[in-house]
>>> print(open('model_5.cif').read())   # mmCIF, C-alpha atoms
data_query
loop_
_atom_site.label_atom_id
_atom_site.label_comp_id
_atom_site.auth_asym_id
_atom_site.auth_seq_id
_atom_site.Cartn_x
_atom_site.Cartn_y
_atom_site.Cartn_z
CA MET T 1 0.00 0.00 0.00
CA GLY T 2 0.94 3.66 0.05
CA THR T 3 1.71 3.54 -3.70
CA GLY T 4 -0.85 6.09 -4.91
CA SER T 5 -3.66 3.56 -4.80
CA LEU T 6 -5.89 2.56 -1.90
CA PHE T 7 -5.55 -1.12 -2.73
CA ASP T 8 -2.59 -3.11 -4.03
CA ALA T 9 -3.07 -4.48 -7.56
CA ASP T 10 -1.91 -7.87 -6.28
CA LEU T 11 -5.29 -8.26 -4.53
CA LEU T 12 -6.83 -8.99 -7.94
CA ILE T 13 -4.06 -11.39 -8.95
CA ASN T 14 -3.31 -13.53 -5.91
CA HIS T 15 -5.41 -14.68 -2.98
CA TYR T 16 -5.68 -12.58 0.18
CA ILE T 17 -8.15 -12.19 3.02
CA PRO T 18 -8.96 -8.95 4.88
CA LYS T 19 -7.81 -8.41 8.46
CA VAL T 20 -8.52 -5.65 11.00
CA TYR T 21 -5.47 -4.39 12.91
CA ALA T 22 -6.99 -1.67 15.09
CA TYR T 23 -10.35 -0.07 15.83
CA TYR T 24 -11.70 2.47 18.29
CA PHE T 25 -14.42 5.00 19.08
CA LYS T 26 -13.22 8.47 20.03
CA GLN T 27 -14.82 11.83 20.80
CA TRP T 28 -12.60 14.79 19.90
CA GLU T 29 -13.06 18.28 21.37
CA ASP T 30 -11.32 21.31 19.81
CA PHE T 31 -8.35 19.20 18.73
CA ARG T 32 -5.51 19.55 16.21
CA MET T 33 -3.60 16.36 15.60
CA ALA T 34 0.01 16.26 14.45
CA TYR T 35 0.82 14.58 11.13
CA HIS T 36 1.22 10.82 11.45
CA ARG T 37 0.86 7.69 9.33
CA HIS T 38 -0.32 4.07 9.65
CA ASP T 39 0.93 0.83 8.13
CA SER T 40 -2.64 -0.08 7.23
CA THR T 41 -5.56 1.44 5.35
CA GLU T 42 -7.83 3.51 7.60
CA ILE T 43 -11.58 4.10 7.64
CA MET T 44 -12.65 7.23 9.54
CA TYR T 45 -16.42 7.44 10.01
CA VAL T 46 -18.09 10.51 11.56
CA ILE T 47 -20.84 9.53 14.01
CA GLN T 48 -21.60 13.05 15.27
CA GLY T 49 -20.29 16.55 14.58
CA GLN T 50 -17.74 17.40 11.92
CA CYS T 51 -14.01 17.50 11.29
CA VAL T 52 -11.36 18.20 8.67
CA VAL T 53 -8.94 15.49 7.52
CA LYS T 54 -5.73 16.78 5.94
CA TRP T 55 -3.07 14.72 4.19
CA ASN T 56 0.12 15.14 2.17
CA GLU T 57 -0.14 14.23 -1.49
CA GLY T 58 2.71 12.70 -3.47
CA SER T 59 3.57 16.06 -5.07
CA GLY T 60 4.27 17.51 -1.63
CA GLY T 61 1.09 19.56 -1.49
CA GLU T 62 -1.61 19.30 1.18
CA ALA T 63 -5.14 18.10 0.46
CA SER T 64 -8.10 18.21 2.83
CA VAL T 65 -11.75 17.28 3.12
CA ARG T 66 -14.44 18.31 5.59
CA LEU T 67 -16.42 15.37 6.94
CA GLU T 68 -19.83 15.64 8.58
CA LYS T 69 -22.14 13.18 10.31
CA GLY T 70 -22.69 10.09 8.16
CA GLN T 71 -19.59 10.58 6.00
CA LEU T 72 -16.40 8.55 5.91
CA ILE T 73 -12.99 8.59 4.34
CA LEU T 74 -10.79 5.64 3.37
CA LEU T 75 -7.16 6.70 3.45
CA ASP T 76 -4.27 4.71 2.03
CA ALA T 77 -1.61 3.23 4.29
CA ASN T 78 1.53 5.27 4.92
CA VAL T 79 -0.05 8.56 3.82
CA PRO T 80 0.87 11.34 6.32
CA HIS T 81 -2.38 12.82 7.62
CA ARG T 82 -3.90 14.67 10.53
CA LEU T 83 -7.29 15.47 12.05
CA VAL T 84 -8.58 18.95 12.87
CA VAL T 85 -11.70 19.34 15.04
CA GLU T 86 -12.88 22.89 15.69
CA GLN T 87 -15.75 21.95 18.02
CA THR T 88 -16.86 18.35 18.62
CA CYS T 89 -16.57 15.19 16.56
CA ARG T 90 -17.26 11.59 17.51
CA MET T 91 -15.67 9.04 15.21
CA LEU T 92 -15.28 5.32 14.63
CA ASN T 93 -11.89 4.38 13.16
CA VAL T 94 -10.97 1.00 11.69
CA GLU T 95 -7.48 0.17 10.38
CA PHE T 96 -7.23 -2.89 8.17
CA GLY T 97 -5.08 -4.67 5.62
CA PHE T 98 -4.78 -8.00 3.87
CA THR T 99 -2.93 -11.23 4.59
CA PRO T 100 -2.24 -14.22 2.33
CA HIS T 101 -5.21 -16.53 1.95
CA SER T 102 -4.81 -19.56 4.20
CA ASP T 103 -8.24 -21.05 4.94
CA VAL T 104 -11.58 -21.98 3.39
CA PHE T 105 -12.88 -18.40 3.49
CA PRO T 106 -13.09 -16.98 -0.08
CA SER T 107 -10.34 -14.56 -1.03
CA VAL T 108 -10.77 -10.90 -1.97
CA LYS T 109 -9.95 -11.84 -5.57
CA GLN T 110 -12.81 -14.35 -5.63
CA PHE T 111 -15.27 -11.80 -4.27
CA ALA T 112 -14.08 -9.18 -6.79
CA GLU T 113 -14.64 -11.61 -9.66
CA GLU T 114 -18.32 -11.78 -8.66
CA GLU T 115 -18.83 -8.13 -7.60
CA GLU T 116 -18.02 -5.59 -10.31
CA SER T 117 -18.21 -2.53 -8.06
CA LEU T 118 -15.72 -4.09 -5.62
CA CYS T 119 -13.35 -4.86 -8.48
CA GLU T 120 -13.60 -1.25 -9.70
CA MET T 121 -12.87 0.11 -6.22
CA LEU T 122 -9.86 -2.17 -5.79
CA SER T 123 -8.55 -1.08 -9.19
CA ALA T 124 -9.03 2.69 -8.71
CA ARG T 125 -5.87 4.80 -8.79
CA THR T 126 -6.49 7.04 -5.80
CA SER T 127 -5.02 7.28 -2.32
CA TYR T 128 -8.33 8.20 -0.67
CA LEU T 129 -12.08 7.79 -1.01
CA VAL T 130 -14.78 9.98 0.56
CA LEU T 131 -18.33 8.64 0.74
CA GLN T 132 -21.71 9.70 2.07
CA ALA T 133 -22.52 6.56 4.01
CA PRO T 134 -26.09 5.50 4.86
CA GLU T 135 -27.04 4.09 8.26
CA GLU T 136 -26.44 0.54 7.05
CA VAL T 137 -22.72 1.24 6.66
CA TYR T 138 -22.46 2.42 10.26
CA HIS T 139 -24.31 -0.71 11.38
CA ALA T 140 -21.86 -2.82 9.37
CA LEU T 141 -18.92 -1.05 11.02
CA LYS T 142 -20.42 -1.48 14.49
CA SER T 143 -21.14 -5.16 13.87
CA LEU T 144 -17.54 -5.64 12.85
CA VAL T 145 -15.99 -4.00 15.92
CA LEU T 146 -18.45 -5.69 18.28
CA GLU T 147 -17.51 -9.07 16.83
CA LEU T 148 -13.83 -8.26 17.26
CA ASP T 149 -14.45 -7.21 20.86
CA ASP T 150 -16.29 -10.46 21.48
CA GLN T 151 -13.76 -12.76 19.83
CA GLY T 152 -10.54 -10.97 20.77
CA ARG T 153 -8.02 -9.00 18.77
CA ASP T 154 -7.37 -11.71 16.17
CA GLY T 155 -11.08 -12.28 15.56
CA GLY T 156 -12.29 -15.23 13.53
CA VAL T 157 -14.18 -16.18 10.41
CA LEU T 158 -17.16 -13.90 11.16
CA ASP T 159 -15.03 -10.74 11.41
CA ARG T 160 -13.53 -11.54 8.00
CA MET T 161 -17.04 -11.99 6.60
CA LEU T 162 -18.18 -8.69 8.12
CA LEU T 163 -15.14 -6.81 6.83
CA MET T 164 -15.62 -8.29 3.37
CA GLN T 165 -19.29 -7.34 3.47
CA LEU T 166 -18.28 -3.80 4.43
CA LEU T 167 -15.85 -3.55 1.51
CA ILE T 168 -18.54 -4.72 -0.89
CA ARG T 169 -20.97 -2.12 0.47
CA LEU T 170 -18.34 0.60 0.08
CA GLY T 171 -17.66 -0.51 -3.48
CA ARG T 172 -21.34 -0.26 -4.32
CA LEU T 173 -21.61 3.14 -2.66
CA ARG T 174 -18.62 4.38 -4.62
CA SER T 175 -20.24 3.19 -7.83
CA GLU T 176 -23.63 4.74 -7.01
CA GLN T 177 -22.23 8.07 -5.85
CA GLY T 178 -19.81 8.23 -8.77
CA ARG T 179 -22.76 8.21 -11.17
CA SER T 180 -24.28 11.25 -9.47
CA ARG T 181 -22.40 13.56 -7.13
CA VAL T 182 -25.73 15.13 -6.09
CA PRO T 183 -28.14 12.41 -4.92
CA SER T 184 -31.42 12.34 -6.81
CA ALA T 185 -34.82 12.62 -5.16
CA GLY T 186 -35.21 8.89 -5.74
CA ALA T 187 -31.96 8.17 -3.92
CA TYR T 188 -33.11 10.18 -0.89
CA VAL T 189 -36.45 8.35 -0.87
CA LYS T 190 -34.68 4.99 -1.15
CA SER T 191 -32.40 5.88 1.77
CA SER T 192 -35.39 7.02 3.83
CA ILE T 193 -37.17 3.73 3.19
CA ALA T 194 -34.03 1.79 4.14
CA TYR T 195 -33.81 3.77 7.39
CA MET T 196 -37.45 3.01 8.23
CA LEU T 197 -36.99 -0.68 7.47
CA GLN T 198 -34.02 -0.80 9.85
CA ASN T 199 -35.62 1.26 12.63
CA TYR T 200 -39.37 0.61 12.50
CA ASP T 201 -39.24 -0.86 16.02
CA ARG T 202 -38.05 2.47 17.45
CA PRO T 203 -39.93 5.76 17.97
CA LEU T 204 -39.61 7.57 14.63
CA THR T 205 -40.65 11.05 13.54
CA VAL T 206 -40.49 12.84 10.21
CA ARG T 207 -37.70 15.00 11.61
CA LYS T 208 -35.66 11.98 12.68
CA ILE T 209 -36.06 10.27 9.29
CA ALA T 210 -35.14 13.48 7.46
CA SER T 211 -32.07 13.89 9.67
CA SER T 212 -30.90 10.39 8.71
CA VAL T 213 -30.65 11.48 5.05
CA SER T 214 -29.56 15.08 5.80
CA LEU T 215 -32.64 16.76 4.31
CA HIS T 216 -35.12 19.34 5.55
CA PRO T 217 -38.24 17.51 6.85
CA GLY T 218 -40.62 19.49 4.64
CA TYR T 219 -38.60 18.82 1.49
CA LEU T 220 -38.31 15.09 2.24
CA GLN T 221 -42.07 14.93 2.85
CA ARG T 222 -42.74 16.47 -0.57
CA ILE T 223 -40.41 14.27 -2.61
CA PHE T 224 -41.46 11.15 -0.70
CA LYS T 225 -45.15 11.76 -1.44
CA LEU T 226 -44.36 12.44 -5.10
CA GLN T 227 -42.27 9.28 -5.42
CA THR T 228 -44.44 6.84 -3.45
CA GLY T 229 -47.90 8.38 -3.29
CA ARG T 230 -47.78 8.11 0.50
CA THR T 231 -46.54 10.25 3.35
CA LEU T 232 -43.57 9.10 5.42
CA MET T 233 -45.81 8.16 8.33
CA GLU T 234 -48.25 6.29 6.09
CA TYR T 235 -45.37 4.29 4.66
CA LEU T 236 -43.92 3.64 8.12
CA THR T 237 -47.31 2.41 9.35
CA GLU T 238 -47.53 0.00 6.41
CA VAL T 239 -44.08 -1.34 7.24
CA ARG T 240 -45.08 -1.84 10.87
CA MET T 241 -48.34 -3.57 9.97
CA ASP T 242 -46.54 -5.90 7.54
CA LYS T 243 -44.03 -6.81 10.26
CA ALA T 244 -46.87 -7.34 12.74
CA LYS T 245 -48.65 -9.69 10.34
CA MET T 246 -45.45 -11.66 9.85
CA LEU T 247 -44.93 -11.99 13.62
CA LEU T 248 -48.55 -12.99 14.20
CA SER T 249 -48.37 -15.59 11.42
CA HIS T 250 -44.98 -17.15 12.03
CA THR T 251 -44.08 -16.72 15.71
CA ASP T 252 -45.56 -17.49 19.11
CA ILE T 253 -44.90 -14.00 20.47
CA PRO T 254 -47.90 -13.03 22.65
CA VAL T 255 -50.30 -10.71 20.86
CA ALA T 256 -50.02 -8.23 23.73
CA ASP T 257 -46.27 -7.89 23.05
CA ILE T 258 -46.37 -7.43 19.28
CA SER T 259 -46.72 -3.65 19.56
CA ASP T 260 -43.31 -3.50 21.28
CA TYR T 261 -41.68 -5.43 18.44
CA VAL T 262 -42.96 -3.11 15.71
CA GLY T 263 -42.71 0.26 17.46
CA ALA T 264 -46.44 0.92 17.27
CA GLY T 265 -46.85 2.58 20.65
CA SER T 266 -49.30 1.37 23.27
CA ARG T 267 -51.11 -1.96 22.97
CA GLN T 268 -54.45 -0.19 22.65
CA TYR T 269 -53.19 2.05 19.84
CA PHE T 270 -51.60 -0.92 18.03
CA HIS T 271 -54.86 -2.88 18.30
CA ALA T 272 -56.86 -0.02 16.77
CA LEU T 273 -54.26 0.63 14.06
CA PHE T 274 -54.02 -3.04 13.09
CA LYS T 275 -57.80 -3.39 12.85
CA LYS T 276 -58.03 -0.27 10.69
CA HIS T 277 -55.42 -1.53 8.23
CA VAL T 278 -56.09 -5.27 8.21
CA ARG T 279 -59.86 -5.28 8.92
CA MET T 280 -59.24 -7.78 11.73
CA THR T 281 -58.00 -7.58 15.27
CA PRO T 282 -54.53 -9.07 15.88
CA VAL T 283 -56.10 -12.10 17.60
CA GLU T 284 -58.54 -12.64 14.72
CA TYR T 285 -55.68 -12.39 12.23
CA ARG T 286 -53.52 -14.94 14.09
CA ASN T 287 -56.46 -17.35 14.39
CA ALA T 288 -57.30 -16.94 10.69
CA GLN T 289 -53.72 -17.67 9.69
CA ALA T 290 -53.60 -20.74 11.93
CA LYS T 291 -56.86 -22.00 10.44
CA GLU T 292 -55.57 -21.44 6.91
CA ARG T 293 -52.38 -23.41 7.62
CA TYR T 294 -54.42 -26.22 9.18
CA GLU T 295 -56.65 -26.44 6.11
CA GLU T 296 -53.62 -26.51 3.82
CA ILE T 297 -52.19 -29.44 5.78
CA LYS T 298 -55.50 -31.31 5.52
CA ARG T 299 -55.52 -30.83 1.72
#
>>> encode(input="model_5.cif", output="C-alpha cells")
Amino acid sequence: MGTGSLFDADLLINHYIPKVYAYYFKQWEDFRMAYHRHDSTEIMYVIQGQCVVKWNEGSGGEASVRLEKGQLILLDANVPHRLVVEQTCRMLNVEFGFTPHSDVFPSVKQFAEEEESLCEMLSARTSYLVLQAPEEVYHALKSLVLELDDQGRDGGVLDRMLLMQLLIRLGRLRSEQGRSRVPSAGAYVKSSIAYMLQNYDRPLTVRKIASSVSLHPGYLQRIFKLQTGRTLMEYLTEVRMDKAKMLLSHTDIPVADISDYVGAGSRQYFHALFKKHVRMTPVEYRNAQAKERYEEIKR
C-alpha cells in the first residue's frame, strides 16, 4: 500500500483475506492532531459533529476534506495525515489490511470476480475515497468491531465476513455516488425507506427520518409523497403492519407484546391501528392464519 492507490493491484491477482489491525471510538473536542501515518488502510467514520482530515499528497502539497455526520474517508496506508476538530466530533476508526489466503474463506480476488463494483474500487488509482454513508454502513462497522471485541483481537471467520461485506458495500456506494455527485430525489427516498426498514421498532418522527438522510423535513415529505404516493408516516405504518402480520403468522410471540416489536406505541393504539389496516383484530388475524395453515395441511 501507500503507492498512490488505496488497494494493491496484487489483490486482484493472488489470494488474500482482509484483516482488522486496530479499531476504536473516540470523541474529539477542539483538537488539532500532528501529522502521522499508519501501516494499514484507515476508515474514519463521523458519528456526530464534523471534522477536517488533511493529508500530504505525493507532489508535496496538502489536500483536505471536511467530513460531517454520516460521511467517511478511506485513506491509504503510509499517507501522512492529521485530524482537525474545531468543536466536537465523535468518530469510529478501523485500520485494516490483507494477509495471504490460508483457509476456506473466499479470497478478496474471488469476491471481486463476482462483484463488479468491488473490483472497480480495488482497481481505482487514488489514495483516498470519501463517501456519504447510509445508516447501514455504520451498522456494518459497528457489527464488525463488536464481533472483534467479542472474539478478541485476532477475531475469527465472522469478522472476516463482516469486513468483506463492508468492503462490498463501500464498493457499491462508490459506484452509485460516482454516477451522481448530487443524490437524486429517488436516492433520498430509497435511503429514507431503508432507514425506516431498519428502525421501525423504534420511535420515529419525520424530523428523525429526514435527519438520517440530511434533508429538511418538509422537502423530504414532498419528494417522498411524489415518489411513493404516500406520506412518510403512512409508509412507516404500512411497514409496521406488515411486520406485525409476519410476527402474528410465524411466531408465538404473545399478541399483547407485538406492539413493542414493531414500534407501534401502546397496545391499545396498536390494536386499533391493526384493525383499521387489516380489517381484523390481531387475535382474529392470528387465528385466521392458523386456520388457513391447518386447512392446507388437511388438503
>>> closest_atom_pairs(input="model_5.cif", of="range 7-55 of chain T", to="range 104-115 of chain T", cutoff="10 Å", atoms="all atoms listed in the file", output="Markdown table")
| residue | atom | partner | partner_atom | distance |
| --- | --- | --- | --- | --- |
| T:Asp10 | CA | T:Lys109 | CA | 9.0 |
| T:Leu11 | CA | T:Lys109 | CA | 6.0 |
| T:Leu12 | CA | T:Lys109 | CA | 4.8 |
| T:Ile13 | CA | T:Lys109 | CA | 6.8 |
| T:Asn14 | CA | T:Lys109 | CA | 6.9 |
| T:His15 | CA | T:Ser107 | CA | 5.3 |
| T:Tyr16 | CA | T:Ser107 | CA | 5.2 |
| T:Ile17 | CA | T:Ser107 | CA | 5.2 |
| T:Pro18 | CA | T:Val108 | CA | 7.3 |
>>> closest_residue(input="model_5.cif", among="T:Met121, T:Ala185, T:Leu129, T:Leu167", to="Val65 in chain T", atoms="all atoms listed in the file")
T:Leu129
>>> atom_distance(input="model_5.cif", atom1="CA of Arg169 in chain T", atom2="CA of Ser117 in chain T")
9.0 Å
>>> resolve_selection(input="model_5.cif", expression="the PyMOL selection byres ((chain T and resi 46) around 9)", output="NGL selection string")
:T and (44-45 or 47-51 or 67-72 or 89-93)
>>> residues_around(input="model_5.cif", residues="Glu42 in chain T", least_positions_apart="3", cutoff="6 Å", atoms="only C-alpha atoms", output="ChimeraX atom specification")
/T:74-75,94-95
>>> atom_distance(input="model_5.cif", atom1="CA of Gln221 in chain T", atom2="CA of Ser266 in chain T")
25.6 Å
>>> resolve_selection(input="model_5.cif", expression="the PyMOL selection byres ((chain T and resi 262-264) around 9)", output="PyMOL selection string")
chain T and resi 199-204+237+239-241+243-244+258-261+265-267+269-270+273
>>> residues_around(input="model_5.cif", residues="Thr231 in chain T", least_positions_apart="4", cutoff="12 Å", atoms="all atoms listed in the file", output="PyMOL selection string")
chain T and resi 189+192-193+205-206+217-227+235-238
>>> write_last_selection(input="model_5.cif", atoms="C-alpha atoms", output="short mmCIF file (atom, residue, chain, number, x, y, z; two decimals), keeping the file's coordinate frame")
data_model
loop_
_atom_site.label_atom_id
_atom_site.label_comp_id
_atom_site.auth_asym_id
_atom_site.auth_seq_id
_atom_site.Cartn_x
_atom_site.Cartn_y
_atom_site.Cartn_z
CA VAL T 189 -36.45 8.35 -0.87
CA SER T 192 -35.39 7.02 3.83
CA ILE T 193 -37.17 3.73 3.19
CA THR T 205 -40.65 11.05 13.54
CA VAL T 206 -40.49 12.84 10.21
CA PRO T 217 -38.24 17.51 6.85
CA GLY T 218 -40.62 19.49 4.64
CA TYR T 219 -38.60 18.82 1.49
CA LEU T 220 -38.31 15.09 2.24
CA GLN T 221 -42.07 14.93 2.85
CA ARG T 222 -42.74 16.47 -0.57
CA ILE T 223 -40.41 14.27 -2.61
CA PHE T 224 -41.46 11.15 -0.70
CA LYS T 225 -45.15 11.76 -1.44
CA LEU T 226 -44.36 12.44 -5.10
CA GLN T 227 -42.27 9.28 -5.42
CA TYR T 235 -45.37 4.29 4.66
CA LEU T 236 -43.92 3.64 8.12
CA THR T 237 -47.31 2.41 9.35
CA GLU T 238 -47.53 0.00 6.41
#
>>> atom_distance(input="model_5.cif", atom1="CA of Tyr128 in chain T", atom2="CA of Leu170 in chain T")
12.6 Å
>>> closest_residue(input="model_5.cif", among="T:Asp257, T:Glu176, T:Glu135, T:Asp150", to="Leu197 in chain T", atoms="all atoms listed in the file")
T:Glu135
>>> axis_aligned_box(input="model_5.cif", around="range 237-241 of chain T", padding_each_side="4 Å", output="AutoDock Vina command-line options")
--center_x -46.2 --center_y -0.6 --center_z 8.6 --size_x 12.3 --size_y 14.0 --size_z 12.5
>>> closest_residue(input="model_5.cif", among="T:Leu166, T:Leu215, T:Ala210, T:Leu6", to="Thr126 in chain T", atoms="only C-alpha atoms")
T:Leu6
>>> residues_near_point(input="model_5.cif", point="(-49.0, -13.7, 18.1)", cutoff="10 Å", atoms="only C-alpha atoms", output="JSON list (two decimals) with C-alpha atoms, in the coordinates of the input")
[["chain", "number", "residue", "atom", "x", "y", "z"],
["T", 244, "ALA", "CA", -46.87, -7.34, 12.74],
["T", 245, "LYS", "CA", -48.65, -9.69, 10.34],
["T", 246, "MET", "CA", -45.45, -11.66, 9.85],
["T", 247, "LEU", "CA", -44.93, -11.99, 13.62],
["T", 248, "LEU", "CA", -48.55, -12.99, 14.20],
["T", 249, "SER", "CA", -48.37, -15.59, 11.42],
["T", 250, "HIS", "CA", -44.98, -17.15, 12.03],
["T", 251, "THR", "CA", -44.08, -16.72, 15.71],
["T", 252, "ASP", "CA", -45.56, -17.49, 19.11],
["T", 253, "ILE", "CA", -44.90, -14.00, 20.47],
["T", 254, "PRO", "CA", -47.90, -13.03, 22.65],
["T", 255, "VAL", "CA", -50.30, -10.71, 20.86],
["T", 256, "ALA", "CA", -50.02, -8.23, 23.73],
["T", 257, "ASP", "CA", -46.27, -7.89, 23.05],
["T", 258, "ILE", "CA", -46.37, -7.43, 19.28],
["T", 282, "PRO", "CA", -54.53, -9.07, 15.88],
["T", 283, "VAL", "CA", -56.10, -12.10, 17.60],
["T", 285, "TYR", "CA", -55.68, -12.39, 12.23],
["T", 286, "ARG", "CA", -53.52, -14.94, 14.09],
["T", 287, "ASN", "CA", -56.46, -17.35, 14.39]]
>>> decode(input="model_5.cif", residues="range 90-115 of chain T", atoms="N, CA and C atoms", output="PDB file, in the first residue's frame")
ATOM      1  N   ARG T  90     -17.372  12.980  17.037  1.00  0.00           N
ATOM      2  CA  ARG T  90     -17.262  11.595  17.506  1.00  0.00           C
ATOM      3  C   ARG T  90     -17.057  10.702  16.283  1.00  0.00           C
ATOM      4  N   MET T  91     -16.048   9.836  16.368  1.00  0.00           N
ATOM      5  CA  MET T  91     -15.674   9.036  15.209  1.00  0.00           C
ATOM      6  C   MET T  91     -15.511   7.565  15.569  1.00  0.00           C
ATOM      7  N   LEU T  92     -15.633   6.737  14.544  1.00  0.00           N
ATOM      8  CA  LEU T  92     -15.276   5.322  14.633  1.00  0.00           C
ATOM      9  C   LEU T  92     -14.184   5.091  13.595  1.00  0.00           C
ATOM     10  N   ASN T  93     -13.021   4.630  14.053  1.00  0.00           N
ATOM     11  CA  ASN T  93     -11.885   4.377  13.163  1.00  0.00           C
ATOM     12  C   ASN T  93     -11.594   2.884  13.105  1.00  0.00           C
ATOM     13  N   VAL T  94     -11.348   2.396  11.899  1.00  0.00           N
ATOM     14  CA  VAL T  94     -10.967   0.998  11.695  1.00  0.00           C
ATOM     15  C   VAL T  94      -9.757   0.975  10.775  1.00  0.00           C
ATOM     16  N   GLU T  95      -8.686   0.318  11.201  1.00  0.00           N
ATOM     17  CA  GLU T  95      -7.485   0.166  10.383  1.00  0.00           C
ATOM     18  C   GLU T  95      -7.384  -1.300   9.966  1.00  0.00           C
ATOM     19  N   PHE T  96      -7.221  -1.512   8.663  1.00  0.00           N
ATOM     20  CA  PHE T  96      -7.232  -2.889   8.165  1.00  0.00           C
ATOM     21  C   PHE T  96      -6.227  -3.061   7.023  1.00  0.00           C
ATOM     22  N   GLY T  97      -5.957  -4.323   6.734  1.00  0.00           N
ATOM     23  CA  GLY T  97      -5.075  -4.669   5.622  1.00  0.00           C
ATOM     24  C   GLY T  97      -5.443  -6.043   5.108  1.00  0.00           C
ATOM     25  N   PHE T  98      -4.492  -6.705   4.474  1.00  0.00           N
ATOM     26  CA  PHE T  98      -4.778  -8.003   3.867  1.00  0.00           C
ATOM     27  C   PHE T  98      -3.614  -8.952   4.125  1.00  0.00           C
ATOM     28  N   THR T  99      -3.951 -10.206   4.367  1.00  0.00           N
ATOM     29  CA  THR T  99      -2.934 -11.229   4.594  1.00  0.00           C
ATOM     30  C   THR T  99      -3.137 -12.353   3.582  1.00  0.00           C
ATOM     31  N   PRO T 100      -2.091 -13.125   3.294  1.00  0.00           N
ATOM     32  CA  PRO T 100      -2.241 -14.220   2.329  1.00  0.00           C
ATOM     33  C   PRO T 100      -3.361 -15.170   2.720  1.00  0.00           C
ATOM     34  N   HIS T 101      -4.086 -15.628   1.729  1.00  0.00           N
ATOM     35  CA  HIS T 101      -5.214 -16.532   1.945  1.00  0.00           C
ATOM     36  C   HIS T 101      -4.709 -17.861   2.484  1.00  0.00           C
ATOM     37  N   SER T 102      -5.332 -18.328   3.587  1.00  0.00           N
ATOM     38  CA  SER T 102      -4.815 -19.560   4.202  1.00  0.00           C
ATOM     39  C   SER T 102      -5.902 -20.455   4.761  1.00  0.00           C
ATOM     40  N   ASP T 103      -7.181 -20.185   4.422  1.00  0.00           N
ATOM     41  CA  ASP T 103      -8.243 -21.045   4.942  1.00  0.00           C
ATOM     42  C   ASP T 103      -9.355 -21.164   3.907  1.00  0.00           C
ATOM     43  N   VAL T 104     -10.490 -21.707   4.332  1.00  0.00           N
ATOM     44  CA  VAL T 104     -11.581 -21.977   3.390  1.00  0.00           C
ATOM     45  C   VAL T 104     -12.375 -20.719   3.048  1.00  0.00           C
ATOM     46  N   PHE T 105     -12.150 -19.628   3.762  1.00  0.00           N
ATOM     47  CA  PHE T 105     -12.879 -18.399   3.488  1.00  0.00           C
ATOM     48  C   PHE T 105     -12.473 -17.861   2.117  1.00  0.00           C
ATOM     49  N   PRO T 106     -13.437 -17.476   1.262  1.00  0.00           N
ATOM     50  CA  PRO T 106     -13.086 -16.983  -0.083  1.00  0.00           C
ATOM     51  C   PRO T 106     -12.159 -15.778  -0.016  1.00  0.00           C
ATOM     52  N   SER T 107     -11.295 -15.661  -0.996  1.00  0.00           N
ATOM     53  CA  SER T 107     -10.341 -14.556  -1.029  1.00  0.00           C
ATOM     54  C   SER T 107     -10.983 -13.294  -1.598  1.00  0.00           C
ATOM     55  N   VAL T 108     -10.298 -12.166  -1.408  1.00  0.00           N
ATOM     56  CA  VAL T 108     -10.767 -10.896  -1.967  1.00  0.00           C
ATOM     57  C   VAL T 108     -10.884 -11.003  -3.484  1.00  0.00           C
ATOM     58  N   LYS T 109      -9.930 -11.651  -4.113  1.00  0.00           N
ATOM     59  CA  LYS T 109      -9.950 -11.842  -5.570  1.00  0.00           C
ATOM     60  C   LYS T 109     -11.221 -12.571  -6.017  1.00  0.00           C
ATOM     61  N   GLN T 110     -11.611 -13.595  -5.274  1.00  0.00           N
ATOM     62  CA  GLN T 110     -12.809 -14.351  -5.632  1.00  0.00           C
ATOM     63  C   GLN T 110     -14.072 -13.496  -5.494  1.00  0.00           C
ATOM     64  N   PHE T 111     -14.130 -12.698  -4.431  1.00  0.00           N
ATOM     65  CA  PHE T 111     -15.274 -11.797  -4.274  1.00  0.00           C
ATOM     66  C   PHE T 111     -15.304 -10.762  -5.402  1.00  0.00           C
ATOM     67  N   ALA T 112     -14.149 -10.212  -5.752  1.00  0.00           N
ATOM     68  CA  ALA T 112     -14.080  -9.185  -6.791  1.00  0.00           C
ATOM     69  C   ALA T 112     -14.485  -9.727  -8.157  1.00  0.00           C
ATOM     70  N   GLU T 113     -14.244 -11.008  -8.390  1.00  0.00           N
ATOM     71  CA  GLU T 113     -14.645 -11.611  -9.656  1.00  0.00           C
ATOM     72  C   GLU T 113     -16.164 -11.695  -9.793  1.00  0.00           C
ATOM     73  N   GLU T 114     -16.864 -11.700  -8.659  1.00  0.00           N
ATOM     74  CA  GLU T 114     -18.322 -11.777  -8.657  1.00  0.00           C
ATOM     75  C   GLU T 114     -18.988 -10.415  -8.461  1.00  0.00           C
ATOM     76  N   GLU T 115     -18.263  -9.440  -7.956  1.00  0.00           N
ATOM     77  CA  GLU T 115     -18.831  -8.135  -7.596  1.00  0.00           C
ATOM     78  C   GLU T 115     -18.080  -7.042  -8.355  1.00  0.00           C
TER      79      GLU T 115
END
